[in-house]
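Structure data (compact mmCIF, C-alpha atoms) from protein22.txt:
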```txt
# COMPACT_ATOMS: atom_id res chain seq x y z
CA MET A 1 0.00 0.00 0.00
CA GLU A 2 1.47 3.35 -1.07
CA LEU A 3 0.34 6.52 0.73
CA PHE A 4 1.13 10.06 -0.52
CA ALA A 5 2.39 8.36 -3.66
CA GLY A 6 3.50 11.45 -5.60
CA VAL A 7 4.83 10.32 -8.97
CA GLY A 8 5.61 6.83 -7.67
CA GLY A 9 9.17 6.87 -6.37
CA PHE A 10 8.53 4.30 -3.65
CA ARG A 11 6.77 1.94 -6.05
CA LEU A 12 9.40 2.33 -8.75
CA GLY A 13 12.24 1.59 -6.32
CA LEU A 14 10.54 -1.45 -4.83
CA GLU A 15 9.60 -2.87 -8.23
CA ASP A 16 13.20 -2.32 -9.38
CA ALA A 17 14.26 -4.41 -6.38
CA ASN A 18 11.85 -7.27 -7.11
CA SER A 19 8.62 -6.77 -9.04
CA ASP A 20 7.36 -10.24 -8.07
CA LEU A 21 7.75 -9.66 -4.35
CA PHE A 22 6.56 -6.03 -4.31
CA GLN A 23 3.17 -5.61 -5.94
CA THR A 24 1.40 -2.35 -5.16
CA VAL A 25 -2.26 -3.21 -4.82
CA TRP A 26 -3.51 0.24 -3.67
CA ALA A 27 -2.06 3.75 -3.92
CA ASN A 28 -3.35 7.15 -2.88
CA GLN A 29 -2.24 10.56 -4.15
CA TRP A 30 -4.13 13.78 -3.50
CA GLU A 31 -2.90 17.35 -3.82
CA PRO A 32 -5.26 19.67 -1.90
CA SER A 33 -6.40 22.96 -3.45
CA ARG A 34 -5.45 21.91 -6.98
CA LYS A 35 -7.97 21.45 -9.77
CA VAL A 36 -5.49 19.46 -11.87
CA GLN A 37 -3.89 16.52 -10.06
CA HIS A 38 -0.56 16.49 -11.90
CA ALA A 39 1.29 13.95 -9.75
CA PHE A 40 -1.66 11.54 -9.77
CA ASP A 41 -1.95 11.84 -13.56
CA CYS A 42 1.77 11.04 -13.88
CA TYR A 43 1.40 8.06 -11.53
CA THR A 44 -1.53 6.56 -13.43
CA LYS A 45 0.27 7.05 -16.75
CA ASN A 46 3.30 5.06 -15.56
CA PHE A 47 1.57 2.32 -13.55
CA ASN A 48 -1.28 0.19 -14.79
CA SER A 49 -1.88 -2.36 -12.04
CA GLY A 50 -3.51 -1.91 -8.66
CA ILE A 51 -6.15 0.52 -7.43
CA HIS A 52 -5.23 4.22 -7.80
CA VAL A 53 -7.16 6.57 -5.54
CA ASN A 54 -7.24 10.35 -6.01
CA GLU A 55 -9.02 11.36 -2.80
CA ASP A 56 -8.22 13.15 0.42
CA ILE A 57 -6.83 10.37 2.60
CA ALA A 58 -8.81 11.67 5.57
CA GLU A 59 -11.98 10.71 3.68
CA ILE A 60 -10.92 7.10 3.11
CA SER A 61 -12.61 4.65 5.46
CA GLU A 62 -10.95 2.10 7.69
CA GLU A 63 -12.99 -0.54 5.85
CA GLU A 64 -11.29 0.35 2.57
CA PHE A 65 -7.86 0.06 4.21
CA GLN A 66 -8.86 -3.33 5.62
CA ARG A 67 -9.92 -4.61 2.21
CA VAL A 68 -6.40 -3.89 0.93
CA ASN A 69 -4.83 -5.89 3.81
CA PRO A 70 -1.19 -4.99 2.96
CA ASP A 71 2.01 -6.61 4.25
CA LEU A 72 3.90 -3.34 3.70
CA ILE A 73 2.81 0.32 3.92
CA VAL A 74 5.10 2.97 2.40
CA GLY A 75 4.90 6.73 2.06
CA GLY A 76 6.63 10.07 2.15
CA PHE A 77 4.79 12.63 4.29
CA PRO A 78 5.45 16.21 5.43
CA CYS A 79 7.14 17.24 8.66
CA GLN A 80 4.29 18.74 10.69
CA ASP A 81 3.33 19.60 14.25
CA TYR A 82 2.58 16.25 15.91
CA SER A 83 1.45 17.66 19.25
CA VAL A 84 -1.53 15.97 20.88
CA ALA A 85 -4.04 16.81 23.59
CA ARG A 86 -6.68 15.06 25.64
CA SER A 87 -10.14 14.99 24.15
CA LEU A 88 -12.67 17.38 25.63
CA SER A 89 -14.26 14.72 27.80
CA GLY A 90 -10.89 13.62 29.12
CA GLU A 91 -11.63 9.92 29.34
CA LYS A 92 -11.90 9.42 25.56
CA GLY A 93 -8.18 9.34 24.89
CA ILE A 94 -6.15 11.81 22.87
CA GLN A 95 -6.58 13.80 19.70
CA GLY A 96 -3.94 15.04 17.31
CA LYS A 97 -4.11 18.26 15.30
CA LYS A 98 -6.42 18.10 12.32
CA GLY A 99 -4.79 17.79 8.91
CA VAL A 100 -1.62 16.17 10.26
CA LEU A 101 -0.96 13.38 7.79
CA PHE A 102 0.94 11.13 10.19
CA TRP A 103 -2.36 10.43 11.96
CA GLU A 104 -3.74 9.13 8.66
CA ILE A 105 -0.75 6.78 8.40
CA THR A 106 -1.49 5.69 11.97
CA ARG A 107 -5.11 5.04 11.03
CA ALA A 108 -4.05 2.89 8.05
CA ILE A 109 -1.61 0.90 10.23
CA GLU A 110 -4.15 0.42 13.00
CA SER A 111 -6.71 -0.81 10.45
CA THR A 112 -4.45 -3.29 8.67
CA GLN A 113 -1.58 -4.29 11.01
CA PRO A 114 1.03 -4.75 8.24
CA LYS A 115 4.29 -6.59 8.90
CA TYR A 116 6.40 -3.62 7.80
CA VAL A 117 6.10 0.17 7.41
CA LEU A 118 8.67 2.23 5.46
CA LEU A 119 8.39 6.02 5.62
CA GLU A 120 10.44 8.99 4.41
CA ASN A 121 10.66 12.52 5.79
CA VAL A 122 13.00 15.50 5.99
CA ASP A 123 15.88 15.13 8.42
CA ARG A 124 14.75 18.06 10.57
CA LEU A 125 11.91 15.82 11.78
CA LEU A 126 14.31 14.45 14.42
CA LYS A 127 14.85 17.91 15.91
CA SER A 128 11.44 19.55 15.67
CA PRO A 129 10.03 21.69 17.10
CA SER A 130 12.87 24.08 17.80
CA ASN A 131 11.48 25.05 21.21
CA GLN A 132 11.08 21.41 22.38
CA ARG A 133 13.72 19.47 20.51
CA GLY A 134 12.78 15.92 19.56
CA ARG A 135 9.19 16.10 20.76
CA ASP A 136 7.55 15.38 17.39
CA PHE A 137 9.68 12.33 16.62
CA ALA A 138 9.11 11.04 20.14
CA VAL A 139 5.35 11.30 19.62
CA MET A 140 5.74 9.26 16.43
CA LEU A 141 7.88 6.60 18.12
CA ALA A 142 5.51 6.32 21.07
CA THR A 143 2.59 5.98 18.65
CA PHE A 144 4.34 3.06 16.96
CA GLN A 145 5.00 1.56 20.40
CA HIS A 146 1.28 1.79 21.20
CA LEU A 147 0.54 0.06 17.89
CA ASN A 148 2.96 -2.74 18.92
CA TYR A 149 5.78 -1.96 16.48
CA SER A 150 9.53 -1.57 16.86
CA VAL A 151 11.20 1.20 14.85
CA GLU A 152 14.60 1.73 13.29
CA TRP A 153 15.56 5.02 11.66
CA ARG A 154 18.46 6.43 9.69
CA VAL A 155 19.21 9.80 8.08
CA ILE A 156 20.77 8.99 4.71
CA ASN A 157 22.52 11.28 2.25
CA ALA A 158 22.00 9.62 -1.13
CA ALA A 159 25.38 10.80 -2.44
CA ASP A 160 27.17 8.99 0.41
CA TYR A 161 26.04 5.73 -1.13
CA GLY A 162 26.97 6.40 -4.74
CA LEU A 163 23.89 8.26 -6.02
CA PRO A 164 23.98 11.59 -7.89
CA GLN A 165 22.29 13.91 -5.37
CA ARG A 166 23.36 15.23 -1.97
CA ARG A 167 19.88 14.75 -0.55
CA ARG A 168 19.54 13.99 3.18
CA ARG A 169 16.33 12.37 4.27
CA ALA A 170 15.12 10.49 7.34
CA PHE A 171 13.91 6.95 6.68
CA ILE A 172 11.78 5.11 9.22
CA PHE A 173 11.40 1.32 9.16
CA ALA A 174 8.81 -0.09 11.56
CA TYR A 175 8.13 -3.78 11.98
CA LYS A 176 5.43 -5.51 13.96
CA ASN A 177 6.45 -7.04 17.25
CA ASP A 178 6.33 -10.85 17.41
CA ILE A 179 6.88 -11.39 13.67
CA LEU A 180 9.90 -13.55 12.86
CA PHE A 181 12.15 -10.62 11.95
CA GLU A 182 11.47 -8.93 15.29
CA GLN A 183 12.09 -12.20 17.12
CA SER A 184 15.43 -12.57 15.32
CA GLN A 185 16.47 -9.09 16.54
CA ARG A 186 15.61 -9.55 20.21
CA ASN A 187 18.95 -10.97 21.32
CA ILE A 188 20.98 -8.44 19.31
CA THR A 189 22.16 -5.36 21.21
CA GLU A 190 20.97 -1.93 20.15
CA GLU A 191 24.54 -1.00 19.22
CA LYS A 192 24.87 -3.98 16.89
CA ILE A 193 21.48 -3.23 15.32
CA VAL A 194 22.45 0.36 14.52
CA PHE A 195 26.02 -0.31 13.43
CA GLU A 196 25.97 -3.83 11.97
CA GLU A 197 22.91 -6.06 11.96
CA GLY A 198 19.69 -4.05 11.85
CA PHE A 199 17.58 -3.11 8.87
CA PHE A 200 19.77 -0.29 7.55
CA ALA A 201 23.37 -1.16 8.46
CA PRO A 202 23.91 -4.16 6.13
CA SER A 203 22.78 -2.13 3.09
CA PHE A 204 24.08 1.29 4.16
CA PRO A 205 27.31 0.39 5.98
CA VAL A 206 28.88 2.72 8.52
CA GLN A 207 32.27 2.93 10.13
CA ASN A 208 32.15 0.42 12.95
CA ASP A 209 33.80 2.64 15.56
CA SER A 210 32.26 5.91 14.40
CA PHE A 211 30.80 8.19 17.05
CA LYS A 212 29.92 5.35 19.41
CA LYS A 213 30.60 7.79 22.21
CA ARG A 214 27.90 10.07 20.79
CA VAL A 215 25.07 7.89 22.03
CA ASN A 216 21.85 8.82 23.79
CA THR A 217 19.36 6.51 25.46
CA THR A 218 15.98 7.15 27.01
CA THR A 219 12.70 5.51 27.94
CA LEU A 220 9.63 7.01 26.30
CA PRO A 221 6.80 7.96 28.65
CA ASP A 222 3.74 5.83 27.99
CA ASP A 223 1.44 8.88 27.92
CA LEU A 224 1.47 10.66 24.54
CA VAL A 225 0.11 13.83 26.10
CA GLN A 226 3.00 13.90 28.57
CA ILE A 227 5.44 13.55 25.65
CA SER A 228 3.66 16.32 23.77
CA ASP A 229 3.68 18.67 26.76
CA GLU A 230 7.01 17.93 28.44
CA PHE A 231 9.35 15.59 26.55
CA SER A 232 12.57 16.77 24.92
CA PHE A 233 15.44 14.61 23.67
CA ASN A 234 18.42 14.74 21.33
CA PHE A 235 17.76 12.14 18.63
CA HIS A 236 20.83 11.39 16.51
CA THR A 237 20.84 10.36 12.86
CA ALA A 238 20.34 6.64 13.53
CA GLY A 239 18.58 4.66 16.19
CA ILE A 240 16.24 1.95 17.38
CA MET A 241 13.12 2.02 19.54
CA ARG A 242 11.73 -1.23 20.87
CA TYR A 243 9.21 -1.62 23.67
CA GLY A 244 9.59 2.05 24.53
CA GLU A 245 13.38 1.94 24.99
CA VAL A 246 15.36 4.27 22.70
CA TYR A 247 18.99 4.00 21.62
CA THR A 248 20.33 6.62 19.20
CA ALA A 249 23.80 7.24 17.75
CA GLN A 250 25.59 9.25 15.09
CA PRO A 251 27.31 6.82 12.68
CA ILE A 252 29.60 7.88 9.85
CA PRO A 253 28.82 6.28 6.47
CA VAL A 254 31.29 4.13 4.58
CA GLU A 255 31.05 6.30 1.47
CA LYS A 256 30.90 5.12 -2.11
CA GLU A 257 32.05 7.29 -5.00
CA ALA A 258 29.01 9.28 -6.10
CA ILE A 259 27.72 9.73 -9.64
CA THR A 260 28.46 13.30 -10.78
CA LEU A 261 26.45 15.91 -12.66
CA ARG A 262 28.74 15.36 -15.62
CA GLU A 263 27.67 11.72 -15.75
CA ILE A 264 23.94 12.41 -15.69
CA LYS A 265 23.76 15.51 -17.90
CA LEU A 266 22.41 15.35 -21.43
CA ASP A 267 24.57 15.90 -24.47
CA GLU A 268 24.27 19.60 -25.32
CA SER A 269 22.85 18.74 -28.74
CA GLU A 270 19.77 17.42 -26.89
CA VAL A 271 19.26 20.58 -24.79
CA ASP A 272 16.63 23.07 -25.89
CA CYS A 273 17.82 26.67 -26.07
CA LYS A 274 15.14 27.73 -23.54
CA TYR A 275 17.22 26.23 -20.72
CA TYR A 276 20.20 28.53 -21.36
CA LEU A 277 20.46 31.67 -19.26
CA LYS A 278 19.92 35.05 -20.81
CA PRO A 279 22.36 37.83 -19.78
CA GLU A 280 19.93 39.36 -17.29
CA ALA A 281 19.39 35.97 -15.63
CA GLU A 282 23.17 35.40 -15.40
CA GLU A 283 23.51 38.77 -13.71
CA LYS A 284 20.68 37.96 -11.30
CA PHE A 285 22.28 34.62 -10.35
CA GLU A 286 25.61 36.33 -9.64
CA TYR A 287 23.76 38.48 -7.12
CA LEU A 288 21.65 35.68 -5.65
CA ARG A 289 24.63 33.43 -5.09
CA GLY A 290 26.95 36.14 -3.86
CA ALA A 291 27.66 37.06 -0.23
CA LYS A 292 25.23 39.64 1.16
CA LYS A 293 24.88 41.98 4.07
CA VAL A 294 21.72 44.00 3.55
CA LYS A 295 20.22 46.52 5.99
CA ARG A 296 16.55 45.83 6.60
CA VAL A 297 13.75 47.17 8.77
CA SER A 298 11.11 44.90 10.34
CA LYS A 299 7.40 45.74 10.47
CA ASP A 300 7.79 47.09 14.01
CA GLY A 301 10.64 49.39 12.92
CA HIS A 302 13.53 47.25 14.19
CA LYS A 303 16.66 47.68 12.07
CA TYR A 304 18.84 44.66 11.34
CA PHE A 305 21.24 43.20 8.76
CA PHE A 306 20.27 40.23 6.60
CA THR A 307 23.46 38.27 5.87
CA GLU A 308 24.03 35.36 3.53
CA GLY A 309 27.22 33.52 2.63
CA GLY A 310 28.43 33.28 -0.93
CA MET A 311 28.35 30.19 -3.13
CA SER A 312 29.71 29.37 -6.56
CA VAL A 313 27.71 30.85 -9.43
CA THR A 314 27.71 27.44 -11.13
CA ASP A 315 27.50 23.89 -9.82
CA SER A 316 30.55 21.70 -10.34
CA LEU A 317 30.04 19.04 -12.97
CA ASP A 318 32.48 16.84 -11.07
CA LYS A 319 30.31 16.58 -7.95
CA PRO A 320 26.86 15.11 -7.34
CA GLY A 321 24.00 17.61 -7.41
CA ARG A 322 22.85 19.54 -4.38
CA THR A 323 19.46 18.84 -2.82
CA MET A 324 16.84 19.59 -5.45
CA LEU A 325 13.90 21.76 -4.33
CA THR A 326 10.48 22.37 -5.85
CA SER A 327 11.73 25.77 -7.09
CA GLU A 328 14.29 24.07 -9.38
CA GLY A 329 14.45 25.66 -12.82
CA THR A 330 13.53 29.16 -11.63
CA VAL A 331 15.74 32.21 -11.02
CA ASN A 332 16.31 31.20 -7.43
CA ARG A 333 19.48 30.81 -5.35
CA SER A 334 18.80 27.07 -4.89
CA SER A 335 18.41 26.19 -8.59
CA HIS A 336 21.23 24.21 -10.17
CA ILE A 337 23.21 26.13 -12.79
CA ILE A 338 25.84 24.33 -14.84
CA GLU A 339 28.30 25.74 -17.37
CA VAL A 340 29.06 23.79 -20.55
CA ASN A 341 31.05 25.15 -23.47
CA ASN A 342 31.14 28.56 -21.76
CA LYS A 343 27.34 28.69 -21.62
CA LYS A 344 25.35 28.66 -18.37
CA ARG A 345 22.03 26.84 -18.14
CA PHE A 346 19.47 25.25 -15.86
CA LEU A 347 19.26 21.51 -15.51
CA THR A 348 16.59 20.15 -17.84
CA PRO A 349 13.60 18.20 -16.47
CA VAL A 350 15.17 14.96 -17.75
CA GLU A 351 18.39 15.70 -15.86
CA CYS A 352 16.32 16.35 -12.72
CA GLU A 353 14.64 12.98 -13.21
CA ARG A 354 18.09 11.42 -13.43
CA LEU A 355 19.15 13.19 -10.19
CA ASN A 356 16.38 11.27 -8.43
CA GLY A 357 16.91 8.03 -10.34
CA PHE A 358 13.71 8.12 -12.42
CA PRO A 359 13.71 6.95 -16.04
CA ASP A 360 14.04 9.69 -18.65
CA ASP A 361 10.74 11.44 -19.45
CA TRP A 362 8.92 9.89 -16.48
CA THR A 363 7.06 13.22 -16.10
CA ALA A 364 7.05 14.11 -19.81
CA ASP A 365 3.29 14.75 -20.03
CA LEU A 366 3.54 17.61 -17.54
CA ALA A 367 4.54 21.23 -18.14
CA ASP A 368 8.17 22.00 -17.26
CA ARG A 369 7.23 23.90 -14.09
CA MET A 370 5.32 20.89 -12.77
CA ARG A 371 8.08 18.50 -13.83
CA TYR A 372 10.55 20.46 -11.70
CA PHE A 373 8.03 20.70 -8.84
CA CYS A 374 7.34 16.95 -8.83
CA MET A 375 11.04 16.09 -8.86
CA GLY A 376 11.70 18.55 -6.03
CA ASN A 377 9.13 16.63 -3.98
CA ALA A 378 10.28 13.18 -5.03
CA LEU A 379 12.64 10.82 -3.24
CA VAL A 380 15.79 9.15 -4.57
CA VAL A 381 14.58 5.93 -6.19
CA GLY A 382 17.92 4.15 -5.83
CA LEU A 383 17.72 4.32 -2.02
CA ILE A 384 14.30 2.66 -2.05
CA LYS A 385 15.60 -0.06 -4.37
CA ILE A 386 18.35 -0.85 -1.84
CA MET A 387 15.82 -0.94 1.00
CA GLY A 388 13.56 -3.19 -1.07
CA GLN A 389 16.44 -5.59 -1.60
CA ARG A 390 16.99 -5.60 2.16
CA ILE A 391 13.33 -6.48 2.81
CA GLU A 392 13.64 -9.24 0.20
CA GLU A 393 16.72 -10.55 2.02
CA ILE A 394 14.84 -10.54 5.34
CA GLU A 395 11.87 -12.36 3.83
CA LYS A 396 14.12 -14.97 2.20
CA ARG A 397 15.98 -15.58 5.45
CA ILE A 398 12.69 -16.00 7.32
CA GLN A 399 11.44 -18.49 4.72
CA ASP A 400 14.70 -20.44 4.92
CA ASP A 401 14.43 -20.54 8.72
CA ASP A 402 10.85 -21.77 8.43
CA VAL A 403 11.94 -24.58 6.09
CA GLN A 404 14.71 -25.59 8.49
CA LEU A 405 12.33 -25.67 11.45
CA GLU A 406 9.87 -27.73 9.43
CA LEU A 407 12.58 -30.25 8.53
CA PHE A 408 14.31 -30.14 11.92
CA PRO A 409 11.69 -29.16 14.56
CA GLY A 410 14.21 -29.23 17.40
CA LEU A 411 16.19 -26.30 15.99
CA ASP A 412 13.97 -23.67 17.64
CA SER A 413 14.96 -24.94 21.09
CA LEU A 414 18.72 -24.99 20.48
```

Entire entry expressed as structure tokens:
Amino acid sequence: MELFAGVGGFRLGLEDANSDLFQTVWANQWEPSRKVQHAFDCYTKNFNSGIHVNEDIAEISEEEFQRVNPDLIVGGFPCQDYSVARSLSGEKGIQGKKGVLFWEITRAIESTQPKYVLLENVDRLLKSPSNQRGRDFAVMLATFQHLNYSVEWRVINAADYGLPQRRRRAFIFAYKNDILFEQSQRNITEEKIVFEEGFFAPSFPVQNDSFKKRVNTTTLPDDLVQISDEFSFNFHTAGIMRYGEVYTAQPIPVEKEAITLREIKLDESEVDCKYYLKPEAEEKFEYLRGAKKVKRVSKDGHKYFFTEGGMSVTDSLDKPGRTMLTSEGTVNRSSHIIEVNNKKRFLTPVECERLNGFPDDWTADLADRMRYFCMGNALVVGLIKIMGQRIEEIEKRIQDDDVQLELFPGLDSL
């Protein structure tokens, strides 16, 4: 089951891993306040099988989730305010803020009890909100605990593992307690799970002795409202939560050589002239990317200086791309600008698709502005493929163990 499907990055990555094992039977994509549902249209153009739903997820019933009955739920969702409060009558439990999409994920999990959940979010999720550091992520972890799941997480920079974009995202892998994978993890220490033998470490290796001194542990309060009101904690970039106990550390990746912009760019003969910068745009980019110290006055009359560090006017072709945003392709400080044959230009939509690991022209039916927007919102497909291969490995190992126990029943007592 794919939630907040966008243009299908999760599905594409999992099917690239093993299209027989990963079959998306139901997917939802809904962009509020838009008459034309561009991402959904792109999704349905590229995928034929399964049920595709273009509705507000809050309007989808628990009964519909139950009919799907998935083994795996995936989705990328926004970093929001996950604070909770008691219901007005007090004894009727808690209520989260309306419109917070994590509660819709929770509703889908509660309705279907899948074996696995794989989610993606921005890395600042671990630190939000700024005035109560770590509260929001703690609310999420405690919610999974209440649903009877263990959770592993890792912040991954795609370029660290050989992919062409320096995009850091938090990935959350939850697995139901008492399934065979969880049972196999019980006698493994938290340190070994994070650094060697958990879900992420075998596929995204880290230096074995890296930052083991930078470790935090805590026990989550059982009461979500108490977490929302009082809890603060320094979550590092990797960790494990099981049965309310949290272990978190800051590992250093064993880096692979990344694909560069030079390797993913089109031949210039294939680039339309509209992507080349006009002189006034070149001049504007020199200003936008330059160092600044500008005197400003706030609405209440307070005078202050806005400062901004300088950056290169063009992006190096010999490095992976920077994090792509939804404003890509506009005259904006964050847009990629490359220089080829003494001419400066934007990345084309196809090159942006390549930055995220999508096939060329995946979004070809959309206008350029929406192609850039969809790629700025998308995830790096190659990371999901690696995670899919890890799930496949776990499933195969479980099946092999089952066969052994069937042939040699005494093995489970050894």

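Minimum atom-to-atom distance to Lys274 (chain A), evaluated using only C-alpha atoms, belongs to A:Leu347 out of A:Leu347, A:Ile394, A:Val122, A:Leu147.
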
Using 5 Å of padding on each side, determine the axis-aligned box around all atoms of region 265-272 of chain A present in the file and give its centre and edge lengths in Å to one decimal, as JSON.
```
{"center_x": 20.6, "center_y": 19.2, "center_z": -23.3, "size_x": 17.9, "size_y": 17.7, "size_z": 20.8}
```

In terms of the shortest atom-to-atom distance over all atoms listed in the file, which of A:Ile391, A:Leu118, A:Thr44, A:Lys344 is closest to Ala281 (chain A)?
-> A:Lys344

Polymer residues at most 7 Å from region 303-307 of chain A, all atoms listed in the file, same-chain spacing of 3 or more positions, as a PyMOL selection string | chain A and resi 292-298

For region 360-367 of chain A, find every residue with an atom within 10 Å (counting only C-alpha atoms), except residues of its own chain fewer than 6 positions away, and show them as a short mmCIF file (atom, residue, chain, number, x, y, z; two decimals) with C-alpha atoms, keeping the file's coordinate frame.
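Writing done, so here's around33.cif:
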```cif
data_model
loop_
_atom_site.label_atom_id
_atom_site.label_comp_id
_atom_site.auth_asym_id
_atom_site.auth_seq_id
_atom_site.Cartn_x
_atom_site.Cartn_y
_atom_site.Cartn_z
CA VAL A 7 4.83 10.32 -8.97
CA GLY A 8 5.61 6.83 -7.67
CA HIS A 38 -0.56 16.49 -11.90
CA ALA A 39 1.29 13.95 -9.75
CA ASP A 41 -1.95 11.84 -13.56
CA CYS A 42 1.77 11.04 -13.88
CA TYR A 43 1.40 8.06 -11.53
CA LYS A 45 0.27 7.05 -16.75
CA ASN A 46 3.30 5.06 -15.56
CA PRO A 349 13.60 18.20 -16.47
CA VAL A 350 15.17 14.96 -17.75
CA GLU A 351 18.39 15.70 -15.86
CA CYS A 352 16.32 16.35 -12.72
CA GLU A 353 14.64 12.98 -13.21
CA ARG A 354 18.09 11.42 -13.43
CA PHE A 373 8.03 20.70 -8.84
CA CYS A 374 7.34 16.95 -8.83
CA MET A 375 11.04 16.09 -8.86
#
```

Please measure the separation of CA of Glu197 (chain A) and CA of Ala138 (chain A), giving the value in Å to one decimal.
->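 The value is 23.4 Å.
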
Rounded to one decimal place, report the CA of Val74 (chain A)-CA of Asp136 (chain A) distance in Å.
-> 19.6 Å

Write out as a list in words which residues come within 6 Å of region 94-111 of chain A when counting only C-alpha atoms, dropping same-chain ones fewer than 2 positions away.
->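 Skipping anything fewer than 2 positions along the chain leaves Glu62, Gln66, Val84, Ala85, Arg86, Ser87 and Gln113 of chain A.
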
To one decimal place, how far is CA of Tyr275 (chain A) from CA of Ala258 (chain A) in Å?
-> 25.3 Å

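Among the candidates A:Thr217, A:Ser61, A:Asn148, A:Asn177, the one nearest to Tyr247 (chain A) when counting all atoms listed in the file is A:Thr217.
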